[in-house]
>>> print(open('input.txt').read())   # compact mmCIF, C-alpha atoms and all ligand atoms
# COMPACT_ATOMS: atom_id res chain seq x y z
CA MET A 106 0.00 0.00 0.00
CA THR A 107 2.84 2.36 0.82
CA THR A 108 4.69 1.54 -2.40
CA GLN A 109 1.71 2.46 -4.52
CA GLN A 110 2.70 5.62 -6.35
CA SER A 111 -0.55 7.19 -7.47
CA SER A 112 0.23 10.06 -9.77
CA ALA A 113 -2.94 11.98 -8.95
CA PRO A 114 -2.57 13.99 -5.76
CA LEU A 115 -5.04 13.43 -2.92
CA VAL A 116 -5.50 17.14 -2.25
CA THR A 117 -4.81 19.98 -4.65
CA LEU A 118 -4.82 23.65 -3.71
CA LYS A 119 -5.10 25.94 -6.72
CA LEU A 120 -4.51 29.67 -6.38
CA LEU A 121 -6.10 29.41 -2.96
CA ASN A 122 -6.73 32.85 -1.57
CA LYS A 123 -8.18 34.26 1.64
CA GLU A 124 -8.71 37.92 2.31
CA TYR A 125 -9.99 39.54 5.47
CA GLY A 126 -11.10 42.96 4.27
CA ARG A 127 -8.06 44.37 2.51
CA PHE A 128 -5.67 42.03 4.29
CA THR A 129 -4.47 38.97 2.40
CA ALA A 130 -3.98 36.11 4.86
CA VAL A 131 -3.36 33.43 2.21
CA ASN A 132 -1.99 34.56 -1.11
CA LYS A 133 -2.77 32.36 -4.12
CA ILE A 134 -1.25 29.14 -2.84
CA ASN A 135 -0.66 26.18 -5.15
CA LEU A 136 0.08 22.85 -3.53
CA GLU A 137 -0.34 19.15 -4.22
CA ILE A 138 -0.57 16.74 -1.30
CA GLN A 139 0.02 13.05 -1.97
CA GLN A 140 -1.98 10.21 -0.47
CA GLY A 141 -0.39 8.92 2.72
CA GLU A 142 2.12 11.68 3.17
CA PHE A 143 2.96 13.61 6.31
CA LEU A 144 3.14 17.23 5.26
CA THR A 145 3.81 20.08 7.65
CA PHE A 146 3.00 23.77 7.27
CA LEU A 147 5.85 25.55 9.03
CA GLY A 148 6.06 29.29 9.52
CA SER A 149 6.08 32.04 12.08
CA SER A 150 2.90 33.27 13.73
CA GLY A 151 0.52 35.01 11.31
CA SER A 152 2.00 33.48 8.16
CA GLY A 153 -1.31 31.90 7.09
CA LYS A 154 -0.88 28.28 8.17
CA SER A 155 -4.07 27.93 10.21
CA THR A 156 -6.14 29.82 7.67
CA THR A 157 -5.00 27.43 4.95
CA LEU A 158 -5.74 24.41 7.14
CA SER A 159 -9.18 25.81 8.07
CA MET A 160 -10.05 26.19 4.40
CA ILE A 161 -9.12 22.54 3.78
CA ALA A 162 -11.22 21.54 6.80
CA GLY A 163 -14.12 23.66 5.63
CA PHE A 164 -14.23 26.04 8.61
CA GLU A 165 -13.23 29.00 6.44
CA THR A 166 -14.43 29.78 2.92
CA PRO A 167 -11.77 30.79 0.41
CA THR A 168 -12.09 34.25 -1.14
CA SER A 169 -11.04 32.63 -4.40
CA GLY A 170 -9.25 29.56 -5.66
CA GLU A 171 -9.95 25.89 -5.51
CA ILE A 172 -9.52 22.93 -3.15
CA LEU A 173 -9.73 19.52 -4.78
CA LEU A 174 -9.98 16.14 -3.08
CA HIS A 175 -9.49 13.25 -5.50
CA ASN A 176 -9.82 15.87 -8.22
CA LYS A 177 -13.31 16.95 -7.06
CA SER A 178 -14.01 20.39 -5.68
CA LEU A 179 -14.55 20.61 -1.91
CA ILE A 180 -15.63 24.23 -1.96
CA ASN A 181 -19.34 23.49 -1.55
CA VAL A 182 -18.93 20.37 0.57
CA PRO A 183 -19.74 21.05 4.24
CA SER A 184 -17.01 20.39 6.76
CA HIS A 185 -18.53 17.23 8.25
CA LYS A 186 -18.85 15.62 4.81
CA ARG A 187 -15.22 16.08 3.81
CA GLY A 188 -13.91 12.93 5.53
CA ILE A 189 -11.37 14.98 7.41
CA GLY A 190 -10.36 14.62 11.06
CA MET A 191 -9.06 17.56 13.02
CA VAL A 192 -6.99 18.04 16.17
CA PHE A 193 -6.28 21.45 17.71
CA GLN A 194 -3.95 22.72 20.39
CA HIS A 195 -6.78 22.98 22.87
CA TYR A 196 -8.50 19.67 23.24
CA SER A 197 -12.22 20.04 23.46
CA LEU A 198 -13.00 16.82 25.30
CA PHE A 199 -16.27 16.22 27.12
CA PRO A 200 -15.27 16.38 30.79
CA HIS A 201 -18.07 14.18 32.13
CA MET A 202 -17.68 11.36 29.64
CA SER A 203 -15.12 8.60 30.03
CA VAL A 204 -12.11 8.44 27.72
CA ARG A 205 -13.83 5.55 25.95
CA ASP A 206 -17.01 7.54 25.31
CA ASN A 207 -15.11 10.61 24.24
CA ILE A 208 -13.32 8.52 21.64
CA GLY A 209 -16.54 6.74 20.63
CA PHE A 210 -18.45 9.99 20.19
CA PRO A 211 -17.76 10.50 16.46
CA LEU A 212 -18.97 6.92 15.87
CA ASP A 213 -22.08 7.48 17.99
CA ILE A 214 -23.15 10.51 16.00
CA ARG A 215 -22.58 8.46 12.84
CA LYS A 216 -24.80 5.74 14.34
CA THR A 217 -22.14 3.05 14.02
CA PRO A 218 -23.47 -0.35 15.29
CA LYS A 219 -22.49 -1.02 18.91
CA ALA A 220 -20.19 -4.00 18.34
CA GLU A 221 -18.29 -2.30 15.56
CA ARG A 222 -18.09 0.88 17.61
CA ASN A 223 -16.62 -0.92 20.61
CA LYS A 224 -14.08 -2.78 18.52
CA LYS A 225 -12.91 0.42 16.85
CA VAL A 226 -12.63 2.24 20.16
CA ASP A 227 -10.64 -0.65 21.66
CA ASP A 228 -8.28 -0.71 18.69
CA ILE A 229 -7.66 2.99 18.80
CA LEU A 230 -7.21 2.96 22.61
CA LYS A 231 -4.43 0.47 22.04
CA LEU A 232 -2.91 2.55 19.27
CA VAL A 233 -2.59 5.61 21.50
CA GLN A 234 -1.68 3.50 24.56
CA LEU A 235 -4.62 4.52 26.69
CA GLU A 236 -6.19 1.09 27.35
CA ASP A 237 -5.63 1.47 31.09
CA PHE A 238 -7.35 4.86 31.16
CA ALA A 239 -10.46 3.97 29.16
CA GLU A 240 -12.95 4.35 32.01
CA ARG A 241 -11.59 7.56 33.48
CA PRO A 242 -12.91 11.02 32.76
CA PRO A 243 -10.45 13.26 30.88
CA THR A 244 -10.25 15.56 33.89
CA LEU A 245 -8.07 12.94 35.58
CA LEU A 246 -5.58 12.79 32.70
CA SER A 247 -2.35 14.69 32.09
CA GLY A 248 -2.04 17.14 29.20
CA GLY A 249 -0.27 14.59 27.04
CA GLN A 250 -2.90 11.93 27.74
CA LYS A 251 -5.71 14.35 26.94
CA GLN A 252 -4.10 15.15 23.64
CA ARG A 253 -3.81 11.42 22.89
CA VAL A 254 -7.56 11.15 23.50
CA ALA A 255 -8.13 14.02 21.07
CA ILE A 256 -5.95 12.28 18.47
CA ALA A 257 -7.77 8.98 19.04
CA ARG A 258 -11.14 10.68 18.68
CA ALA A 259 -10.06 12.24 15.37
CA LEU A 260 -8.77 8.90 14.08
CA VAL A 261 -11.56 6.60 15.23
CA TYR A 262 -13.88 7.12 12.27
CA GLU A 263 -10.97 6.53 9.91
CA PRO A 264 -10.89 9.85 8.09
CA GLU A 265 -8.93 9.96 4.89
CA ILE A 266 -7.01 13.00 6.08
CA LEU A 267 -6.03 14.15 9.53
CA LEU A 268 -5.43 17.88 10.01
CA MET A 269 -3.55 18.95 13.10
CA ASP A 270 -3.06 22.56 14.16
CA GLU A 271 -0.25 22.91 16.71
CA PRO A 272 -1.65 19.89 18.62
CA LEU A 273 1.35 19.63 20.92
CA GLY A 274 1.83 23.36 21.42
CA ALA A 275 0.64 23.38 25.03
CA LEU A 276 2.88 20.54 26.19
CA ASP A 277 6.41 20.76 27.54
CA LYS A 278 9.41 19.80 25.46
CA LYS A 279 10.09 16.24 26.61
CA LEU A 280 6.46 15.17 26.37
CA ARG A 281 6.15 16.89 23.02
CA GLU A 282 9.08 14.87 21.69
CA ASP A 283 7.57 11.60 22.97
CA LEU A 284 4.26 12.37 21.31
CA GLN A 285 6.04 13.37 18.09
CA ASP A 286 7.62 9.92 18.00
CA GLU A 287 4.24 8.32 18.70
CA LEU A 288 2.56 10.34 16.01
CA ARG A 289 5.17 9.29 13.48
CA GLN A 290 4.54 5.65 14.43
CA ILE A 291 0.76 6.10 14.15
CA HIS A 292 1.17 7.68 10.74
CA LYS A 293 3.38 4.82 9.59
CA ARG A 294 0.99 2.20 10.90
CA LEU A 295 -2.22 3.70 9.52
CA GLY A 296 -0.86 5.13 6.28
CA ILE A 297 -3.22 8.08 6.72
CA THR A 298 -2.52 11.48 5.14
CA ILE A 299 -1.56 14.05 7.76
CA ILE A 300 -1.35 17.80 7.28
CA TYR A 301 0.24 19.31 10.35
CA VAL A 302 0.72 22.92 11.40
CA THR A 303 3.55 24.11 13.61
CA HIS A 304 5.83 27.09 14.13
CA ASP A 305 8.47 24.81 15.67
CA GLN A 306 11.10 23.77 13.14
CA ASP A 307 12.44 20.89 15.23
CA GLU A 308 8.94 19.47 15.37
CA ALA A 309 8.50 19.90 11.62
CA MET A 310 11.83 18.14 10.97
CA ARG A 311 11.10 15.30 13.35
CA LEU A 312 7.65 14.54 11.98
CA SER A 313 7.36 15.33 8.33
CA GLU A 314 8.12 13.78 5.01
CA ARG A 315 7.70 17.18 3.41
CA ILE A 316 7.60 20.68 4.82
CA ALA A 317 5.88 23.71 3.28
CA ILE A 318 7.42 26.91 4.59
CA PHE A 319 4.92 29.75 4.95
CA LYS A 320 5.78 33.42 4.85
CA GLU A 321 3.19 36.20 4.65
CA GLY A 322 0.52 33.94 3.19
CA GLU A 323 2.76 32.28 0.64
CA ILE A 324 4.66 29.01 0.44
CA VAL A 325 8.30 30.01 -0.04
CA GLY A 326 9.88 26.57 0.32
CA LEU A 327 8.62 23.03 -0.22
CA GLY A 328 10.53 19.79 0.16
CA SER A 329 11.94 17.29 2.61
CA GLY A 330 13.50 18.73 5.74
CA ARG A 331 16.85 17.48 4.53
CA ASN A 332 16.50 19.14 1.18
CA LEU A 333 15.29 22.46 2.56
CA TYR A 334 18.08 22.49 5.11
CA ASP A 335 20.94 21.47 2.82
CA SER A 336 19.85 23.42 -0.24
CA PRO A 337 17.46 26.17 0.83
CA PRO A 338 15.69 27.60 -2.23
CA ASN A 339 16.15 31.17 -1.01
CA ALA A 340 17.84 33.21 1.70
CA PHE A 341 14.67 33.43 3.77
CA VAL A 342 14.37 29.65 4.07
CA ALA A 343 18.09 29.39 4.80
CA SER A 344 17.73 31.88 7.60
CA PHE A 345 14.46 30.47 8.92
CA LEU A 346 15.62 26.84 9.13
CA GLY A 347 18.59 26.34 11.41
CA ASN A 348 21.61 28.59 11.65
CA SER A 349 23.39 30.16 8.73
CA ASN A 350 26.52 32.11 7.94
CA PHE A 351 25.73 34.72 5.32
CA ILE A 352 28.61 36.36 3.51
CA LYS A 353 27.82 39.34 1.28
CA VAL A 354 30.19 39.39 -1.65
CA ARG A 355 30.52 40.61 -5.21
CA ALA A 356 30.64 38.01 -7.98
CA VAL A 357 33.74 38.20 -10.15
CA SER A 358 32.65 35.35 -12.44
CA THR A 359 29.78 32.87 -12.64
CA SER A 360 31.46 30.72 -10.00
CA GLU A 361 33.73 33.02 -8.01
CA ALA A 362 33.44 35.97 -5.69
CA GLN A 363 35.88 38.27 -3.99
CA PHE A 364 35.98 38.50 -0.20
CA GLU A 365 38.70 40.62 1.40
CA GLN A 366 41.93 39.28 -0.19
CA GLN A 367 40.45 35.91 -0.94
CA THR A 368 38.60 34.40 -3.86
CA LEU A 369 35.65 32.25 -2.83
CA LYS A 370 34.31 29.62 -5.18
CA PHE A 371 30.77 28.36 -5.61
CA ARG A 372 29.03 26.03 -8.00
CA GLU A 373 27.78 27.38 -11.25
CA GLN A 374 24.04 28.02 -10.88
CA THR A 375 21.26 26.90 -13.22
CA THR A 376 20.61 30.56 -13.89
CA PRO A 377 24.22 31.75 -13.93
CA ILE A 378 25.20 34.47 -11.48
CA LYS A 379 26.08 37.72 -13.24
CA THR A 380 29.56 39.15 -12.88
CA GLN A 381 29.57 42.14 -10.50
CA ALA A 382 26.28 41.03 -8.90
CA ASP A 383 26.00 41.52 -5.15
CA ILE A 384 25.37 38.03 -3.92
CA LEU A 385 24.95 36.18 -0.69
CA LEU A 386 26.93 33.05 0.11
CA MET A 387 25.50 30.80 2.80
CA VAL A 388 27.38 28.13 4.75
CA ARG A 389 25.94 26.12 7.63
CA PRO A 390 28.02 26.38 10.85
CA GLU A 391 28.65 22.62 10.93
CA ASN A 392 30.17 22.81 7.45
CA LEU A 393 32.58 25.54 8.43
CA HIS A 394 35.81 24.11 9.85
CA VAL A 395 38.23 26.02 12.02
CA LEU A 396 41.92 25.14 11.55
CA SER A 397 44.88 26.50 13.48
CA GLU A 398 47.50 28.20 11.31
CA GLN A 399 49.72 25.17 11.89
CA GLN A 400 47.00 22.73 10.80
CA ALA A 401 46.34 24.85 7.76
CA GLU A 402 50.00 24.60 6.76
CA GLN A 403 49.95 20.83 7.14
CA GLU A 404 46.76 20.38 5.12
CA PRO A 405 47.15 22.19 1.82
CA LEU A 406 44.03 23.84 0.51
CA THR A 407 42.40 21.71 -2.17
CA VAL A 408 40.52 23.09 -5.16
CA GLU A 409 37.12 22.23 -3.71
CA MET A 410 37.71 24.16 -0.50
CA ASN A 411 37.21 27.82 0.33
CA GLN A 412 39.27 29.51 2.99
CA ILE A 413 39.05 32.72 4.99
CA ALA A 414 41.54 34.01 7.56
CA ALA A 415 39.99 35.10 10.87
CA THR A 416 40.48 35.42 14.60
CA VAL A 417 38.62 33.46 17.25
CA GLU A 418 36.24 35.61 19.20
CA GLU A 419 34.61 33.10 21.51
CA THR A 420 34.11 29.37 21.93
CA VAL A 421 31.01 28.09 23.70
CA PHE A 422 30.71 24.55 25.03
CA LEU A 423 27.23 23.13 24.43
CA GLY A 424 27.65 19.54 25.61
CA GLU A 425 27.88 17.40 22.53
CA SER A 426 29.13 20.31 20.45
CA TYR A 427 31.06 23.56 20.56
CA THR A 428 30.26 26.70 18.68
CA CYS A 429 33.14 28.92 17.80
CA SER A 430 32.57 32.45 16.56
CA VAL A 431 35.33 34.02 14.54
CA VAL A 432 35.70 37.43 12.99
CA THR A 433 37.56 38.42 9.83
CA GLU A 434 39.65 41.47 9.11
CA SER A 435 36.68 43.44 7.77
CA GLY A 436 34.50 42.46 10.71
CA GLN A 437 32.52 39.62 9.11
CA ARG A 438 31.44 37.29 11.88
CA LEU A 439 31.23 33.56 11.15
CA MET A 440 30.04 30.68 13.27
CA SER A 441 31.53 27.21 13.26
CA LYS A 442 29.98 24.26 15.02
CA TYR A 443 31.88 21.10 15.75
CA ILE A 444 31.48 17.93 17.77
CA SER A 445 33.13 18.18 21.19
CA LYS A 446 34.83 14.79 21.19
CA ASP A 447 36.71 15.52 17.96
CA HIS A 448 38.10 18.90 18.96
CA CYS A 449 38.95 21.02 21.92
CA GLU A 450 38.19 24.59 22.77
CA ILE A 451 40.16 27.25 20.89
CA ALA A 452 41.23 30.28 22.88
CA ALA A 453 39.82 33.69 22.05
CA GLY A 454 42.28 35.83 20.09
CA THR A 455 43.84 32.88 18.24
CA ASP A 456 44.47 33.52 14.55
CA ILE A 457 42.92 30.70 12.55
CA VAL A 458 41.54 29.95 9.13
CA VAL A 459 38.07 28.68 8.36
CA ARG A 460 37.51 26.31 5.48
CA TRP A 461 34.47 24.83 3.84
CA ASN A 462 33.64 22.77 0.83
CA VAL A 463 32.51 24.54 -2.32
CA ASN A 464 29.61 22.05 -2.43
CA HIS A 465 28.44 23.35 0.94
CA THR A 466 28.16 26.87 -0.40
CA ASN A 467 24.66 28.09 -1.26
CA VAL A 468 24.39 31.16 -3.45
CA TYR A 469 21.60 33.74 -3.67
CA ASP A 470 21.39 36.70 -5.98
CA GLN A 471 17.79 37.69 -5.20
CA TRP A 472 17.45 38.61 -1.54
CA LYS A 473 16.53 41.36 0.84
CA GLN A 474 18.14 42.22 4.14
CA SER A 475 14.86 41.36 5.91
CA ASP A 476 15.11 37.78 4.58
CA ILE A 477 18.15 37.14 6.72
CA THR A 478 17.39 39.25 9.76
CA LYS A 479 15.80 37.05 12.38
CA ALA A 480 12.88 38.68 14.12
P1 LIG A 501 -0.78 31.28 11.52
O1 LIG A 501 -1.64 30.10 11.76
O2 LIG A 501 0.30 31.04 10.52
O3 LIG A 501 -0.22 31.85 12.79
P2 LIG A 501 -3.23 32.51 10.62
O4 LIG A 501 -3.55 31.72 9.41
O5 LIG A 501 -3.99 32.21 11.85
O6 LIG A 501 -1.67 32.46 10.89
O7 LIG A 501 -3.45 34.04 10.29
C1 LIG A 501 -2.88 34.67 9.18
C2 LIG A 501 -3.21 36.14 9.23
O8 LIG A 501 -4.60 36.33 9.02
C3 LIG A 501 -2.87 36.78 10.55
O9 LIG A 501 -2.31 38.04 10.31
C4 LIG A 501 -4.20 36.90 11.24
O10 LIG A 501 -4.23 38.01 12.10
C5 LIG A 501 -5.16 37.08 10.08
N1 LIG A 501 -6.48 36.54 10.40
C6 LIG A 501 -6.78 35.25 10.68
N2 LIG A 501 -8.09 35.08 10.92
C7 LIG A 501 -8.66 36.31 10.79
C8 LIG A 501 -9.99 36.82 10.90
N3 LIG A 501 -11.03 36.03 11.21
N4 LIG A 501 -10.17 38.16 10.69
C9 LIG A 501 -9.15 38.96 10.39
N5 LIG A 501 -7.87 38.54 10.24
C10 LIG A 501 -7.62 37.25 10.45
MG MG A 502 -2.10 29.19 13.62
>>> encode(input="input.txt", output="C-alpha cells")
Amino acid sequence: MTTQQSSAPLVTLKLLNKEYGRFTAVNKINLEIQQGEFLTFLGSSGSGKSTTLSMIAGFETPTSGEILLHNKSLINVPSHKRGIGMVFQHYSLFPHMSVRDNIGFPLDIRKTPKAERNKKVDDILKLVQLEDFAERPPTLLSGGQKQRVAIARALVYEPEILLMDEPLGALDKKLREDLQDELRQIHKRLGITIIYVTHDQDEAMRLSERIAIFKEGEIVGLGSGRNLYDSPPNAFVASFLGNSNFIKVRAVSTSEAQFEQQTLKFREQTTPIKTQADILLMVRPENLHVLSEQQAEQEPLTVEMNQIAATVEETVFLGESYTCSVVTESGQRLMSKYISKDHCEIAAGTDIVVRWNVNHTNVYDQWKQSDITKA
C-alpha cells in the first residue's frame, strides 16, 4: 500500500486565496498533497498556516481559488462531509464522559453499530496507549494523555485525512518529543494522510516527510527537511531553518566571488550568477571548519575548499558540540559548530583559518536584508 505511487494527488490547492477585508492572509497558494504523506506547514505566527488548514477543513471559505480532493471540488462540501479529522492545540474533550465515550463519540453521531463501535474504540485505545485509562474522565488525565484522547477521537472514524493545528503546542518539550515519536509511528501504521501545522522547526523536521514553509501567506519553500536544510531555495528559508553564515560578496565570475583578499568559489548556478552582482553566500556552521594556522599549513588547501583568515572571538561549550565564533579582518562574523569529542576549545584571540567545501556553499542573488534578519 505504501509503495503504490498514485500520480494523482489526494488534495490539490489551486490559487487558494483568503482575504480579510483588505488584508491577504493566504496569497494564491498552489500545492499538491500526496496520499499517505505527512506534510507540515511551518512558519512564524501570522503566516497563514491555520487559515489554509481551516479552508481545507471547511471552517473557512476561500475568497477565491480551488480545493480539490481526488480531483473533485470541496468548496461546496460542508465540513462534516469532507472525511477529514481535526486536532487542535486545545483539546475540546467532554469532561463528564469517560475516555472511551469521548473517543466513541464521532462513531455514535454516525450511528455506528455497537459491536463495531466498541471494537474500533478498543483498537484505537491500544494505538494511543490509553487502554488502562479507558474508564476515566479526561479531567483525571495529564495534558499529554488528553491530547492522545483528542488524536484517538479524530482517528476513530478513519478519516482519509487528519489535520492537526499545533496539537502539541501546550505541552512541555520532553512530552512533546515523545508524542512526536508516537505520532510518526501512528502515521506509519495507519498510512493516513496528515497535514500538520507548527511554528516549531524541530517538530517539523522530526515529523514530516515534506515541509511547506509559509511566509506572509505564501509558500516560499517546499521539500523534505533534509532538502530544505541542505539546499534552501532562497535566503529566507536558509535563515528560517537552522543557523546560517551569510557572507555578502561581489561576484567576479559565474562561479567566483571576492571576499577581502580571498577568492571564494561556488558552484555554477542553473541561472548563472552575473559578474559584478552583489550576492549572498551561505554556509551552515557545521560545514565551516576552524583550523589553526599550523594545521592549515599541514593540510594544503584543495581546489574544492574555500578559505578565509579570521580570529577566534569566543568558543562556547554546548555539551555534545562547541560553537566557535570568529571574525575576519573586515569584521565579518562567522560561526563554526563542531562535535566536542573531535576537537577542543580554541582560545579567544587565536588567529585561525576557516575552510568549507565549495559544495556546501549556497548562493543567492535575489534577496533582501529582511530575509536574513531574524525577528
Ligand atoms: P498562523 O496560523 O500562521 O499563525 P493565521 O492563518 O492564523 O496564521 O493568520 C494569518 C493572518 O490572518 C494573521 O495576520 C491573522 O491576524 C489574520 N487573520 C486570521 N483570521 C482572521 C480573521 N477572522 N479576521 C481577520 N484577520 C484574520
Ligand atoms: Mg495558527
>>> closest_atom_pairs(input="input.txt", of="chain A", to="ligand MG 502 (chain A)", cutoff="10 Å", atoms="all atoms listed in the file", output="tab-separated table")
residue	atom	partner	partner_atom	distance
A:Phe146	CA	A:MG502	MG	9.8
A:Leu147	CA	A:MG502	MG	9.9
A:Gly148	CA	A:MG502	MG	9.1
A:Ser149	CA	A:MG502	MG	8.8
A:Ser150	CA	A:MG502	MG	6.5
A:Gly151	CA	A:MG502	MG	6.8
A:Ser152	CA	A:MG502	MG	8.1
A:Gly153	CA	A:MG502	MG	7.1
A:Lys154	CA	A:MG502	MG	5.7
A:Ser155	CA	A:MG502	MG	4.1
A:Thr156	CA	A:MG502	MG	7.2
A:Thr157	CA	A:MG502	MG	9.3
A:Leu158	CA	A:MG502	MG	8.8
A:Ser159	CA	A:MG502	MG	9.6
A:Phe193	CA	A:MG502	MG	9.7
A:Gln194	CA	A:MG502	MG	9.5
A:Asp270	CA	A:MG502	MG	6.7
A:Glu271	CA	A:MG502	MG	7.2
A:Val302	CA	A:MG502	MG	7.2
A:Thr303	CA	A:MG502	MG	7.6
A:His304	CA	A:MG502	MG	8.2
>>> residues_around(input="input.txt", residues="A:Glu165", least_positions_apart="3", cutoff="12 Å", atoms="all atoms listed in the file", output="ChimeraX atom specification")
/A:121-125,130-131,155-162,168-169,172,179-184
>>> closest_residue(input="input.txt", among="A:Leu369, A:Met269, A:Val417, A:Ala382", to="A:Val432", atoms="only C-alpha atoms")
A:Val417
>>> residues_around(input="input.txt", residues="stretch 439-443 of chain A", least_positions_apart="2", cutoff="6 Å", atoms="all atoms listed in the file", output="PyMOL selection string")
chain A and resi 350+390-391+393+426-431
>>> residues_around(input="input.txt", residues="stretch 262-267 of chain A", least_positions_apart="6", cutoff="6 Å", atoms="only C-alpha atoms", output="PyMOL selection string")
chain A and resi 188-191+298-299
>>> atom_distance(input="input.txt", atom1="atom CA of A:Lys119", atom2="atom CA of A:Glu171")
5.0 Å
>>> closest_residue(input="input.txt", among="A:Ala317, A:Gln381, A:Leu118, A:Leu174", to="ligand LIG 501 (chain A)", atoms="only C-alpha atoms and all ligand atoms")
A:Ala317
>>> residues_around(input="input.txt", residues="A:Asp237", least_positions_apart="4", cutoff="12 Å", atoms="all atoms listed in the file", output="PyMOL selection string")
chain A and resi 203-205+227+230-231+233+241+246+250
>>> write_last_selection(input="input.txt", atoms="C-alpha atoms", output="CSV table (one decimal), keeping the file's coordinate frame")
chain,number,residue,atom,x,y,z
A,203,SER,CA,-15.1,8.6,30.0
A,204,VAL,CA,-12.1,8.4,27.7
A,205,ARG,CA,-13.8,5.6,26.0
A,227,ASP,CA,-10.6,-0.6,21.7
A,230,LEU,CA,-7.2,3.0,22.6
A,231,LYS,CA,-4.4,0.5,22.0
A,233,VAL,CA,-2.6,5.6,21.5
A,241,ARG,CA,-11.6,7.6,33.5
A,246,LEU,CA,-5.6,12.8,32.7
A,250,GLN,CA,-2.9,11.9,27.7
>>> atom_distance(input="input.txt", atom1="atom CA of A:Asp470", atom2="atom C2 of ligand LIG 501 (chain A)")
28.9 Å
>>> decode(input="input.txt", residues="stretch 160-213 of chain A", atoms="C-alpha atoms", output="PDB file, in the first residue's frame")
ATOM      1  CA  MET A 160     -10.050  26.193   4.401  1.00  0.00           C
ATOM      2  CA  ILE A 161      -9.118  22.544   3.782  1.00  0.00           C
ATOM      3  CA  ALA A 162     -11.216  21.542   6.804  1.00  0.00           C
ATOM      4  CA  GLY A 163     -14.122  23.662   5.630  1.00  0.00           C
ATOM      5  CA  PHE A 164     -14.229  26.037   8.608  1.00  0.00           C
ATOM      6  CA  GLU A 165     -13.226  28.995   6.438  1.00  0.00           C
ATOM      7  CA  THR A 166     -14.433  29.782   2.919  1.00  0.00           C
ATOM      8  CA  PRO A 167     -11.772  30.789   0.408  1.00  0.00           C
ATOM      9  CA  THR A 168     -12.092  34.246  -1.142  1.00  0.00           C
ATOM     10  CA  SER A 169     -11.037  32.633  -4.402  1.00  0.00           C
ATOM     11  CA  GLY A 170      -9.247  29.558  -5.660  1.00  0.00           C
ATOM     12  CA  GLU A 171      -9.947  25.891  -5.511  1.00  0.00           C
ATOM     13  CA  ILE A 172      -9.520  22.932  -3.148  1.00  0.00           C
ATOM     14  CA  LEU A 173      -9.734  19.517  -4.783  1.00  0.00           C
ATOM     15  CA  LEU A 174      -9.979  16.140  -3.076  1.00  0.00           C
ATOM     16  CA  HIS A 175      -9.495  13.252  -5.504  1.00  0.00           C
ATOM     17  CA  ASN A 176      -9.825  15.867  -8.217  1.00  0.00           C
ATOM     18  CA  LYS A 177     -13.309  16.946  -7.061  1.00  0.00           C
ATOM     19  CA  SER A 178     -14.015  20.387  -5.677  1.00  0.00           C
ATOM     20  CA  LEU A 179     -14.550  20.613  -1.908  1.00  0.00           C
ATOM     21  CA  ILE A 180     -15.630  24.229  -1.964  1.00  0.00           C
ATOM     22  CA  ASN A 181     -19.337  23.492  -1.554  1.00  0.00           C
ATOM     23  CA  VAL A 182     -18.932  20.367   0.575  1.00  0.00           C
ATOM     24  CA  PRO A 183     -19.736  21.047   4.236  1.00  0.00           C
ATOM     25  CA  SER A 184     -17.009  20.392   6.761  1.00  0.00           C
ATOM     26  CA  HIS A 185     -18.531  17.229   8.253  1.00  0.00           C
ATOM     27  CA  LYS A 186     -18.851  15.621   4.815  1.00  0.00           C
ATOM     28  CA  ARG A 187     -15.216  16.077   3.807  1.00  0.00           C
ATOM     29  CA  GLY A 188     -13.907  12.929   5.530  1.00  0.00           C
ATOM     30  CA  ILE A 189     -11.372  14.980   7.406  1.00  0.00           C
ATOM     31  CA  GLY A 190     -10.360  14.616  11.057  1.00  0.00           C
ATOM     32  CA  MET A 191      -9.064  17.556  13.017  1.00  0.00           C
ATOM     33  CA  VAL A 192      -6.994  18.041  16.173  1.00  0.00           C
ATOM     34  CA  PHE A 193      -6.276  21.448  17.707  1.00  0.00           C
ATOM     35  CA  GLN A 194      -3.945  22.720  20.391  1.00  0.00           C
ATOM     36  CA  HIS A 195      -6.776  22.982  22.870  1.00  0.00           C
ATOM     37  CA  TYR A 196      -8.497  19.670  23.243  1.00  0.00           C
ATOM     38  CA  SER A 197     -12.221  20.040  23.462  1.00  0.00           C
ATOM     39  CA  LEU A 198     -12.997  16.820  25.300  1.00  0.00           C
ATOM     40  CA  PHE A 199     -16.266  16.222  27.121  1.00  0.00           C
ATOM     41  CA  PRO A 200     -15.270  16.381  30.791  1.00  0.00           C
ATOM     42  CA  HIS A 201     -18.069  14.182  32.131  1.00  0.00           C
ATOM     43  CA  MET A 202     -17.682  11.356  29.635  1.00  0.00           C
ATOM     44  CA  SER A 203     -15.121   8.597  30.027  1.00  0.00           C
ATOM     45  CA  VAL A 204     -12.111   8.439  27.724  1.00  0.00           C
ATOM     46  CA  ARG A 205     -13.826   5.547  25.945  1.00  0.00           C
ATOM     47  CA  ASP A 206     -17.010   7.537  25.312  1.00  0.00           C
ATOM     48  CA  ASN A 207     -15.108  10.615  24.244  1.00  0.00           C
ATOM     49  CA  ILE A 208     -13.324   8.523  21.636  1.00  0.00           C
ATOM     50  CA  GLY A 209     -16.538   6.744  20.630  1.00  0.00           C
ATOM     51  CA  PHE A 210     -18.451   9.993  20.187  1.00  0.00           C
ATOM     52  CA  PRO A 211     -17.763  10.500  16.456  1.00  0.00           C
ATOM     53  CA  LEU A 212     -18.974   6.915  15.867  1.00  0.00           C
ATOM     54  CA  ASP A 213     -22.079   7.477  17.986  1.00  0.00           C
TER      55      ASP A 213
END
